[in-house]
>>> print(open('final-v9.pdb').read())   # PDB, C-alpha atoms
ATOM      1  CA  MET A   8      17.312 -81.481   5.972
ATOM      2  CA  ALA A   9      17.652 -79.142   8.951
ATOM      3  CA  ASP A  10      20.824 -79.199  11.027
ATOM      4  CA  ARG A  11      20.651 -81.111  14.306
ATOM      5  CA  THR A  12      20.347 -78.913  17.344
ATOM      6  CA  GLU A  13      23.004 -79.044  20.033
ATOM      7  CA  GLU A  14      20.506 -80.869  22.310
ATOM      8  CA  GLU A  15      19.921 -83.711  19.765
ATOM      9  CA  THR A  16      23.642 -84.433  19.196
ATOM     10  CA  PRO A  17      24.382 -85.990  22.648
ATOM     11  CA  VAL A  18      21.279 -88.202  22.315
ATOM     12  CA  VAL A  19      22.450 -89.491  18.912
ATOM     13  CA  ARG A  20      25.925 -90.162  20.308
ATOM     14  CA  ILE A  21      24.508 -92.072  23.298
ATOM     15  CA  VAL A  22      22.303 -94.215  21.022
ATOM     16  CA  ALA A  23      25.219 -94.921  18.671
ATOM     17  CA  ALA A  24      27.465 -95.853  21.614
ATOM     18  CA  ALA A  25      24.799 -98.201  22.989
ATOM     19  CA  VAL A  26      24.460 -99.964  19.628
ATOM     20  CA  VAL A  27      28.235-100.440  19.334
ATOM     21  CA  LEU A  28      28.496-101.706  22.932
ATOM     22  CA  THR A  29      25.632-104.192  22.413
ATOM     23  CA  ALA A  30      27.236-105.547  19.228
ATOM     24  CA  ALA A  31      30.614-105.919  20.954
ATOM     25  CA  LEU A  32      29.066-107.818  23.869
ATOM     26  CA  ALA A  33      27.161-110.108  21.498
ATOM     27  CA  LEU A  34      30.343-110.955  19.599
ATOM     28  CA  ALA A  35      32.269-111.556  22.825
ATOM     29  CA  GLY A  36      29.524-113.915  24.009
ATOM     30  CA  CYS A  37      29.772-115.930  20.797
ATOM     31  CA  GLN A  38      33.522-116.306  21.147
ATOM     32  CA  GLY A  39      33.598-117.194  24.856
ATOM     33  CA  THR A  40      34.693-120.625  26.028
ATOM     34  CA  THR A  41      32.128-123.272  26.787
ATOM     35  CA  SER A  42      32.446-126.252  29.089
ATOM     36  CA  ALA A  43      32.561-129.549  27.252
ATOM     37  CA  ALA A  44      29.831-132.085  27.888
ATOM     38  CA  PRO A  45      30.929-135.370  29.460
ATOM     39  CA  THR A  46      32.191-137.840  26.877
ATOM     40  CA  PRO A  47      29.668-140.667  26.460
ATOM     41  CA  VAL A  48      30.564-144.291  26.030
ATOM     42  CA  GLN A  49      31.621-144.574  22.415
ATOM     43  CA  SER A  50      30.321-147.547  20.481
ATOM     44  CA  THR A  51      33.045-149.840  19.056
ATOM     45  CA  ASP A  52      35.795-147.783  20.734
ATOM     46  CA  LEU A  53      35.105-148.148  24.430
ATOM     47  CA  THR A  54      37.933-147.305  26.791
ATOM     48  CA  SER A  55      38.026-146.510  30.477
ATOM     49  CA  SER A  56      38.581-142.847  29.571
ATOM     50  CA  ASP A  57      35.192-142.617  27.893
ATOM     51  CA  GLY A  58      33.492-142.134  31.253
ATOM     52  CA  GLY A  59      30.406-144.301  30.863
ATOM     53  CA  PHE A  60      26.940-142.818  31.202
ATOM     54  CA  ASP A  61      24.397-141.800  33.793
ATOM     55  CA  LYS A  62      23.246-144.589  36.093
ATOM     56  CA  GLN A  63      19.584-143.725  35.464
ATOM     57  CA  ALA A  64      20.064-144.056  31.703
ATOM     58  CA  VAL A  65      17.554-145.682  29.383
ATOM     59  CA  ILE A  66      18.679-149.186  28.411
ATOM     60  CA  GLY A  67      16.862-150.610  25.405
ATOM     61  CA  VAL A  68      16.009-154.306  25.232
ATOM     62  CA  VAL A  69      14.829-155.822  21.936
ATOM     63  CA  LEU A  70      13.671-159.453  22.079
ATOM     64  CA  VAL A  71      11.846-162.108  20.057
ATOM     65  CA  ASP A  72       8.290-163.220  20.753
ATOM     66  CA  ASP A  73       9.160-166.201  22.967
ATOM     67  CA  ASP A  74      11.465-164.139  25.225
ATOM     68  CA  ALA A  75       8.744-162.933  27.606
ATOM     69  CA  ALA A  76      10.413-164.491  30.666
ATOM     70  CA  LEU A  77      13.827-163.121  29.662
ATOM     71  CA  GLY A  78      12.241-159.707  29.186
ATOM     72  CA  GLU A  79      10.838-159.751  32.724
ATOM     73  CA  ASP A  80      14.192-160.871  34.160
ATOM     74  CA  LEU A  81      16.005-158.089  32.295
ATOM     75  CA  ARG A  82      13.433-155.481  33.295
ATOM     76  CA  ALA A  83      13.754-156.456  36.969
ATOM     77  CA  GLY A  84      17.555-156.728  36.923
ATOM     78  CA  LEU A  85      18.130-153.440  35.119
ATOM     79  CA  SER A  86      15.614-151.638  37.344
ATOM     80  CA  ASP A  87      17.240-153.023  40.496
ATOM     81  CA  ALA A  88      20.596-151.755  39.189
ATOM     82  CA  GLY A  89      19.152-148.240  38.856
ATOM     83  CA  PHE A  90      18.641-148.126  35.083
ATOM     84  CA  ARG A  91      15.450-147.331  33.169
ATOM     85  CA  PRO A  92      14.797-150.380  30.984
ATOM     86  CA  ASP A  93      12.630-150.087  27.889
ATOM     87  CA  VAL A  94      11.780-153.652  26.866
ATOM     88  CA  ARG A  95      10.361-154.330  23.383
ATOM     89  CA  VAL A  96       9.241-157.862  22.495
ATOM     90  CA  ALA A  97       8.599-158.428  18.788
ATOM     91  CA  PRO A  98       5.472-160.306  17.734
ATOM     92  CA  ALA A  99       5.824-163.698  16.051
ATOM     93  CA  SER A 100       4.620-162.248  12.738
ATOM     94  CA  GLY A 101       6.863-159.588  11.199
ATOM     95  CA  ALA A 102       9.444-159.894  13.979
ATOM     96  CA  ALA A 103      12.412-158.617  11.942
ATOM     97  CA  ALA A 104      10.633-155.444  10.833
ATOM     98  CA  SER A 105       9.298-154.878  14.340
ATOM     99  CA  GLN A 106      12.793-155.202  15.783
ATOM    100  CA  ARG A 107      14.247-152.762  13.229
ATOM    101  CA  THR A 108      11.592-150.234  14.246
ATOM    102  CA  ALA A 109      12.218-150.857  17.948
ATOM    103  CA  VAL A 110      15.982-150.320  17.639
ATOM    104  CA  ALA A 111      15.486-147.078  15.690
ATOM    105  CA  GLN A 112      12.949-145.809  18.255
ATOM    106  CA  LEU A 113      15.208-146.627  21.194
ATOM    107  CA  VAL A 114      18.129-144.804  19.573
ATOM    108  CA  ARG A 115      15.910-141.735  19.066
ATOM    109  CA  LYS A 116      14.739-142.034  22.680
ATOM    110  CA  GLY A 117      18.339-141.695  23.842
ATOM    111  CA  ALA A 118      19.117-145.226  25.013
ATOM    112  CA  LYS A 119      22.775-145.538  26.011
ATOM    113  CA  ALA A 120      22.972-149.278  25.403
ATOM    114  CA  LEU A 121      20.873-151.857  23.569
ATOM    115  CA  LEU A 122      20.503-155.524  24.461
ATOM    116  CA  VAL A 123      19.326-157.335  21.344
ATOM    117  CA  HIS A 124      18.186-160.921  20.739
ATOM    118  CA  ALA A 125      17.592-160.796  17.005
ATOM    119  CA  ALA A 126      14.869-162.712  15.209
ATOM    120  CA  ARG A 127      16.868-162.380  11.970
ATOM    121  CA  PRO A 128      20.275-160.799  12.607
ATOM    122  CA  SER A 129      20.937-159.720   9.000
ATOM    123  CA  ALA A 130      17.759-157.605   9.061
ATOM    124  CA  LEU A 131      19.261-155.342  11.744
ATOM    125  CA  THR A 132      22.479-154.290  10.029
ATOM    126  CA  GLY A 133      21.245-150.851   8.946
ATOM    127  CA  VAL A 134      19.803-149.897  12.330
ATOM    128  CA  ILE A 135      22.873-151.236  14.139
ATOM    129  CA  GLN A 136      24.917-148.791  12.057
ATOM    130  CA  THR A 137      22.483-146.011  13.055
ATOM    131  CA  ALA A 138      22.904-146.975  16.707
ATOM    132  CA  HIS A 139      26.699-146.941  16.389
ATOM    133  CA  ASP A 140      26.585-143.547  14.700
ATOM    134  CA  ALA A 141      24.622-142.248  17.694
ATOM    135  CA  GLY A 142      27.205-143.647  20.148
ATOM    136  CA  VAL A 143      24.927-146.407  21.456
ATOM    137  CA  VAL A 144      26.678-149.585  22.593
ATOM    138  CA  VAL A 145      24.998-152.688  21.154
ATOM    139  CA  VAL A 146      25.152-156.008  22.998
ATOM    140  CA  SER A 147      23.811-159.120  21.285
ATOM    141  CA  LEU A 148      22.136-161.757  23.430
ATOM    142  CA  GLY A 149      22.738-165.329  22.312
ATOM    143  CA  ASP A 150      23.610-165.397  18.624
ATOM    144  CA  PRO A 151      26.040-162.789  17.254
ATOM    145  CA  LEU A 152      24.795-159.936  15.106
ATOM    146  CA  PRO A 153      26.426-159.940  11.670
ATOM    147  CA  ALA A 154      29.051-157.602  10.342
ATOM    148  CA  SER A 155      27.676-155.559   7.478
ATOM    149  CA  GLY A 156      28.191-152.660   5.158
ATOM    150  CA  THR A 157      29.975-151.969   1.926
ATOM    151  CA  GLY A 158      33.731-152.290   2.054
ATOM    152  CA  GLY A 159      33.652-154.769   4.948
ATOM    153  CA  ASP A 160      33.392-152.140   7.671
ATOM    154  CA  GLY A 161      32.693-154.793  10.288
ATOM    155  CA  VAL A 162      29.580-153.168  11.746
ATOM    156  CA  SER A 163      28.086-155.556  14.256
ATOM    157  CA  ALA A 164      27.256-155.706  17.935
ATOM    158  CA  ASP A 165      30.013-154.359  20.182
ATOM    159  CA  TYR A 166      29.692-157.212  22.676
ATOM    160  CA  ARG A 167      27.938-160.549  22.941
ATOM    161  CA  VAL A 168      26.467-162.361  25.919
ATOM    162  CA  PRO A 169      26.357-166.047  24.926
ATOM    163  CA  ALA A 170      23.183-168.014  25.606
ATOM    164  CA  ALA A 171      23.030-169.341  29.153
ATOM    165  CA  ALA A 172      21.431-172.387  30.721
ATOM    166  CA  ASP A 173      18.394-170.327  31.675
ATOM    167  CA  ASP A 174      16.939-166.867  31.221
ATOM    168  CA  ALA A 175      17.842-165.737  34.743
ATOM    169  CA  ASP A 176      21.556-166.440  34.153
ATOM    170  CA  LEU A 177      21.507-164.692  30.767
ATOM    171  CA  ALA A 178      19.748-161.664  32.268
ATOM    172  CA  ALA A 179      22.164-161.474  35.206
ATOM    173  CA  THR A 180      25.180-161.536  32.879
ATOM    174  CA  ALA A 181      23.606-158.919  30.595
ATOM    175  CA  VAL A 182      22.955-156.606  33.561
ATOM    176  CA  GLU A 183      26.603-156.975  34.636
ATOM    177  CA  VAL A 184      27.670-155.985  31.117
ATOM    178  CA  VAL A 185      25.495-152.862  31.245
ATOM    179  CA  GLN A 186      26.898-151.956  34.660
ATOM    180  CA  SER A 187      30.439-152.194  33.256
ATOM    181  CA  LEU A 188      29.470-149.999  30.310
ATOM    182  CA  GLN A 189      27.876-147.486  32.681
ATOM    183  CA  ARG A 190      31.178-147.205  34.541
ATOM    184  CA  GLY A 191      33.034-146.723  31.250
ATOM    185  CA  GLU A 192      34.723-150.104  31.451
ATOM    186  CA  LYS A 193      34.996-152.837  28.855
ATOM    187  CA  PRO A 194      32.727-155.633  30.052
ATOM    188  CA  GLU A 195      34.008-159.094  30.864
ATOM    189  CA  THR A 196      32.373-160.870  27.950
ATOM    190  CA  GLU A 197      33.349-161.973  24.499
ATOM    191  CA  PRO A 198      33.150-159.418  21.673
ATOM    192  CA  SER A 199      30.774-160.116  18.835
ATOM    193  CA  ASP A 200      32.535-162.056  16.098
ATOM    194  CA  GLY A 201      30.411-160.737  13.261
ATOM    195  CA  ASP A 202      28.910-164.112  12.382
ATOM    196  CA  SER A 203      26.410-163.550   9.587
ATOM    197  CA  THR A 204      24.339-166.679  10.165
ATOM    198  CA  ASP A 205      20.663-165.909  10.637
ATOM    199  CA  ALA A 206      18.678-167.473  13.421
ATOM    200  CA  GLU A 207      15.141-167.799  12.153
TER     201      GLU A 207
END
>>> encode(input="final-v9.pdb", output="structure tokens")
Amino acid sequence: MADRTEEETPVVRIVAAAVVLTAALALAGCQGTTSAAPTPVQSTDLTSSDGGFDKQAVIGVVLVDDDAALGEDLRAGLSDAGFRPDVRVAPASGAAASQRTAVAQLVRKGAKALLVHAARPSALTGVIQTAHDAGVVVVSLGDPLPASGTGGDGVSADYRVPAAADDADLAATAVEVVQSLQRGEKPETEPSDGDSTDAE
């Protein structure tokens, strides 16, 4: 191989220096500090330091087939409060499976909280765990959602809004709960007690 000429040597040095400089900058960029994202409301461990969530957040609502009026009240109340409600009403046939699918879809959609009136509470234990793992706060409407899991891990709804005299009262209380969660506060309602009784 012929020796490099004196004119080629500075070009090689410049190219080599550029490669080294580029690699150093790339490594420095990888090691730089990043700003932390805001802490979302954490399911089952909500404290005022958690910071809540965005006021325009998606709030999932999963209901049984005869909850049409409740669904409309919740849709209106959540919308008026600035949220983006996504209301899913299960059909009379195959309600439990439909609700499992709805909960899973709402978690994937990025819902920050779920309001759930279960057709068969025990059928939702797996998807409630999935919701908790994603940091979604689950609020049962009416009957409690059951605790589940191997080893008695107590997975259930985080909060419960007991049944009210009418749908409008239940919806108003549920909206207040979501507003508290949005602010990062524990809502003024009773926690779910993990009752495993199914409501058919």
>>> resolve_selection(input="final-v9.pdb", expression="the PyMOL selection byres ((chain A and resi 68-76) around 7)", output="list in words")
Ile66, Gly67, Leu77, Gly78, Glu79, Asp80, Asp93, Val94, Arg95, Val96, Ala97, Pro98, Ala99, Ala102, Gln106, Ala109, Leu121, Leu122, Val123, His124, Ala125, Ala126 and Asp174 of chain A
>>> residues_around(input="final-v9.pdb", residues="Ser86 in chain A", least_positions_apart="4", cutoff="10 Å", atoms="all atoms listed in the file", output="list in words")
Gln63, Ile66, Asp80, Leu81, Arg82, Phe90, Arg91, Pro92 and Val182 of chain A
>>> residues_around(input="final-v9.pdb", residues="range 114-119 of chain A", least_positions_apart="2", cutoff="8 Å", atoms="all atoms listed in the file", output="NGL selection string")
:A and (48 or 60 or 64-67 or 110-112 or 121 or 137-138 or 141-144)
>>> atom_distance(input="final-v9.pdb", atom1="CA of Val134 in chain A", atom2="CA of Ala164 in chain A")
11.0 Å
>>> atom_distance(input="final-v9.pdb", atom1="CA of Leu152 in chain A", atom2="CA of Ser129 in chain A")
7.2 Å
>>> resolve_selection(input="final-v9.pdb", expression="the PyMOL selection byres ((chain A and resi 194) around 8)", output="mmCIF file with C-alpha atoms, in the frame of the given file")
data_model
loop_
_atom_site.group_PDB
_atom_site.id
_atom_site.type_symbol
_atom_site.label_atom_id
_atom_site.label_comp_id
_atom_site.auth_asym_id
_atom_site.auth_seq_id
_atom_site.Cartn_x
_atom_site.Cartn_y
_atom_site.Cartn_z
ATOM 1 C CA GLU A 183 26.603 -156.975 34.636
ATOM 2 C CA VAL A 184 27.670 -155.985 31.117
ATOM 3 C CA VAL A 185 25.495 -152.862 31.245
ATOM 4 C CA SER A 187 30.439 -152.194 33.256
ATOM 5 C CA LEU A 188 29.470 -149.999 30.310
ATOM 6 C CA GLU A 192 34.723 -150.104 31.451
ATOM 7 C CA LYS A 193 34.996 -152.837 28.855
ATOM 8 C CA GLU A 195 34.008 -159.094 30.864
ATOM 9 C CA THR A 196 32.373 -160.870 27.950
#
>>> atom_distance(input="final-v9.pdb", atom1="CA of Leu148 in chain A", atom2="CA of Val168 in chain A")
5.0 Å
